[in-house]
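Listing of target-v3.tsv; format and content: TSV, C-alpha atoms.
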chain	number	residue	atom	x	y	z
A	1	MET	CA	304.12	96.80	26.32
A	2	GLU	CA	303.74	96.33	30.07
A	3	PHE	CA	302.51	99.18	32.21
A	4	TYR	CA	303.89	97.46	35.28
A	5	GLU	CA	306.80	95.08	35.66
A	6	SER	CA	305.77	91.47	36.10
A	7	ILE	CA	305.42	90.29	39.67
A	8	THR	CA	307.39	87.24	40.77
A	9	LYS	CA	306.07	84.53	43.07
A	10	ASP	CA	308.48	85.68	45.80
A	11	GLU	CA	307.26	89.28	45.49
A	12	ARG	CA	303.65	88.11	45.66
A	13	ASN	CA	304.44	86.15	48.85
A	14	GLU	CA	306.29	89.14	50.30
A	15	VAL	CA	303.24	91.33	49.68
A	16	LYS	CA	300.94	88.76	51.28
A	17	LEU	CA	303.08	88.90	54.44
A	18	LEU	CA	302.92	92.70	54.43
A	19	LEU	CA	299.17	92.58	53.96
A	20	LYS	CA	298.73	90.22	56.90
A	21	ARG	CA	300.48	92.85	59.03
A	22	TYR	CA	298.62	95.77	57.48
A	23	PRO	CA	295.69	96.06	59.96
A	24	LYS	CA	298.02	96.35	62.96
A	25	LEU	CA	300.49	98.62	61.17
A	26	SER	CA	297.65	100.86	60.06
A	27	ARG	CA	296.36	101.23	63.61
A	28	ILE	CA	299.85	101.94	64.96
A	29	VAL	CA	300.47	104.58	62.28
A	30	THR	CA	297.11	106.23	63.00
A	31	GLU	CA	297.88	106.31	66.71
A	32	LEU	CA	301.39	107.68	66.22
A	33	ARG	CA	300.14	110.38	63.86
A	34	SER	CA	297.65	111.54	66.47
A	35	ARG	CA	300.31	112.13	69.14
A	36	PRO	CA	301.77	115.61	69.54
A	37	GLU	CA	305.23	114.31	70.45
A	38	LEU	CA	307.03	111.10	69.66
A	39	THR	CA	310.13	109.41	70.95
A	40	PRO	CA	312.93	109.02	68.38
A	41	LYS	CA	312.07	105.31	68.04
A	42	GLN	CA	308.38	106.10	67.49
A	43	GLN	CA	309.28	108.73	64.88
A	44	GLU	CA	311.51	106.24	63.10
A	45	ARG	CA	308.70	103.67	63.01
A	46	LEU	CA	306.19	106.28	61.85
A	47	ASN	CA	308.49	107.33	59.01
A	48	GLU	CA	309.01	103.73	57.93
A	49	TRP	CA	305.55	102.26	58.47
A	50	GLY	CA	303.62	105.41	57.54
A	51	LEU	CA	304.95	105.33	53.98
A	52	LEU	CA	304.18	101.63	53.66
A	53	VAL	CA	300.62	102.03	54.98
A	54	ASP	CA	300.02	105.05	52.74
A	55	GLU	CA	301.23	103.22	49.63
A	56	ILE	CA	299.13	100.16	50.41
A	57	ASP	CA	296.12	102.48	50.79
A	58	VAL	CA	296.89	104.07	47.41
A	59	ALA	CA	297.30	100.64	45.80
A	60	PHE	CA	294.00	99.45	47.31
A	61	GLY	CA	292.32	102.41	45.63
A	62	LEU	CA	293.74	101.22	42.31
A	63	ILE	CA	291.71	98.00	42.41
A	64	ILE	CA	289.08	98.59	39.74
A	65	ASP	CA	286.82	95.55	40.05
A	66	ASP	CA	284.29	96.13	42.85
A	67	GLU	CA	284.01	92.45	43.70
A	68	VAL	CA	287.79	92.06	43.91
A	69	LYS	CA	287.93	95.17	46.09
A	70	LEU	CA	285.19	93.90	48.42
A	71	ILE	CA	286.74	90.46	48.89
A	72	PHE	CA	290.25	91.86	49.22
A	73	GLU	CA	289.14	94.46	51.77
A	74	HIS	CA	287.46	91.77	53.87
A	75	ARG	CA	290.51	89.53	53.80
A	76	TYR	CA	293.45	91.92	54.11
A	77	MET	CA	292.44	95.51	54.84
A	78	LYS	CA	290.19	94.44	57.72
A	79	GLY	CA	292.51	91.56	58.61
A	80	LEU	CA	289.85	88.88	58.75
A	81	LYS	CA	290.71	85.21	58.47
A	82	TYR	CA	290.75	83.39	55.16
A	83	SER	CA	288.03	80.98	56.33
A	84	SER	CA	285.83	83.92	57.31
A	85	THR	CA	286.29	85.42	53.85
A	86	ILE	CA	285.42	82.13	52.16
A	87	ASP	CA	282.35	81.68	54.37
A	88	ARG	CA	281.07	85.19	53.75
A	89	PHE	CA	281.44	85.27	49.99
A	90	TRP	CA	280.47	81.64	49.47
A	91	ASP	CA	277.21	82.07	51.38
A	92	LYS	CA	276.15	85.58	50.43
A	93	HIS	CA	277.54	85.91	46.93
A	94	ARG	CA	277.54	82.28	45.78
A	95	ARG	CA	281.20	82.31	44.81
A	96	SER	CA	283.30	79.16	44.87
A	97	GLU	CA	286.49	79.01	46.89
A	98	LYS	CA	288.57	79.02	43.70
A	99	THR	CA	286.78	82.14	42.44
A	100	ILE	CA	287.37	83.88	45.77
A	101	ASP	CA	291.06	82.85	45.63
A	102	ARG	CA	291.35	84.33	42.13
A	103	ARG	CA	289.77	87.59	43.30
A	104	ILE	CA	292.15	87.78	46.26
A	105	GLY	CA	295.06	87.03	43.92
A	106	ARG	CA	294.09	89.86	41.59
A	107	GLY	CA	294.01	92.23	44.54
A	108	VAL	CA	297.41	91.05	45.78
A	109	ASP	CA	298.84	91.52	42.28
A	110	THR	CA	297.51	95.10	42.11
A	111	ILE	CA	299.10	95.93	45.47
A	112	ALA	CA	302.35	94.21	44.46
A	113	GLU	CA	302.53	96.07	41.15
A	114	HIS	CA	302.14	99.40	42.90
A	115	LEU	CA	304.65	98.61	45.66
A	116	LYS	CA	307.13	97.45	43.03
A	117	LEU	CA	306.59	100.64	41.04
A	118	CYS	CA	307.28	102.64	44.23
A	119	GLY	CA	310.47	100.67	44.88
A	120	ILE	CA	309.21	99.18	48.13
A	121	ILE	CA	309.51	95.59	46.85
A	122	GLY	CA	311.48	94.05	44.02
A	123	LYS	CA	314.94	95.26	44.88
A	124	SER	CA	317.85	93.28	43.48
A	125	ASP	CA	319.00	92.35	47.00
A	126	GLY	CA	315.59	90.80	47.70
A	127	ARG	CA	315.03	92.93	50.80
A	128	LEU	CA	311.99	95.01	51.61
A	129	THR	CA	312.82	98.68	51.26
A	130	VAL	CA	310.79	101.28	53.04
A	131	ILE	CA	312.11	104.74	52.41
Could you spell out this file's structure in structure tokens?
Amino acid sequence: MEFYESITKDERNEVKLLLKRYPKLSRIVTELRSRPELTPKQQERLNEWGLLVDEIDVAFGLIIDDEVKLIFEHRYMKGLKYSSTIDRFWDKHRRSEKTIDRRIGRGVDTIAEHLKLCGIIGKSDGRLTVI
């Protein structure tokens, strides 16, 4: 019995693209939420991106393994480069590049499972859906 539907390679890649945009989207959403009034276009973006950012935040909280969470946060939540992530965790934590890649992959899978459960990814038409 699966708790979550299996994640496809395409869905995993889709989530990686979303995660690369996450730091900027998160800052935009925070800024828009702090404004007393928004233009209709800003409100539309806030409605769309706010849900996505909130669900990614929830999914990040679902990562159980502390090491996975730390590596994943460095790479995607803070938006730092892959090479920076490898350098940091190779030097300080004595992890090989393959181990770091596996940890990142587990984090991506956790995010993808949650976004699929929410209906944000994994639609039959293959398009990202943000309610």
For atom CA of A:Glu14 and atom CA of A:Arg106, the interatomic separation in Å (one decimal):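 One can read the atom CA of A:Glu14 to atom CA of A:Arg106 distance as 15.0 Å.
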Among the residues A:Gly107, A:Pro23, A:Ser96, A:Glu31, the one that comes closest to A:Asp65 [using all atoms listed in the file]: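 Of A:Gly107, A:Pro23, A:Ser96, A:Glu31, the one nearest A:Asp65 is A:Gly107, counting all atoms listed in the file.
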Coordinates-based distance that separates atom CA of A:Tyr82 from atom CA of A:Ile111 (Å, one decimal):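 Straight-line distance from atom CA of A:Ile111 to atom CA of A:Tyr82 works out to 17.9 Å.
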All residues 12 Å or closer to A:Lys9, only C-alpha atoms, same chain fewer than 2 positions away omitted, as JSON, numbers by chain: {"A": [6, 7, 11, 12, 13, 14, 15, 16, 105, 108, 109, 112, 122]}
Proximity to A:His114 - best of A:Ile86, A:Leu52, A:Ile71, A:Ile100, all atoms listed in the file: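 For A:His114, the nearest of the candidates is A:Leu52.
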Distance query A:Gly79 at most 8 Å, only C-alpha atoms, self and fewer than 2 positions along chain excluded, as a list in words: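 Skipping anything fewer than 2 positions along the chain leaves Lys20, Tyr22, Pro23, His74, Arg75, Tyr76, Met77 and Lys81 of chain A.
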d(atom CA of A:Phe89, atom CA of A:Phe60) in Å: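 Taking atom CA of A:Phe89 and atom CA of A:Phe60, their separation equals 19.1 Å.
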Pick from A:Leu80, A:Leu70, A:Leu46, A:Ile64, whichever lies nearest to A:Leu19 using all atoms listed in the file: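 The closest residue to A:Leu19 is A:Leu80.
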Residue nearest A:Trp49 - candidates A:Arg21, A:Lys69, A:Arg88, A:Arg35, atoms counted: all atoms listed in the file: A:Arg21
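Counting all atoms listed in the file, the residue from A:Leu115, A:Thr8, A:Arg27, A:Leu38 that sits nearest to A:Gly50 is A:Arg27.
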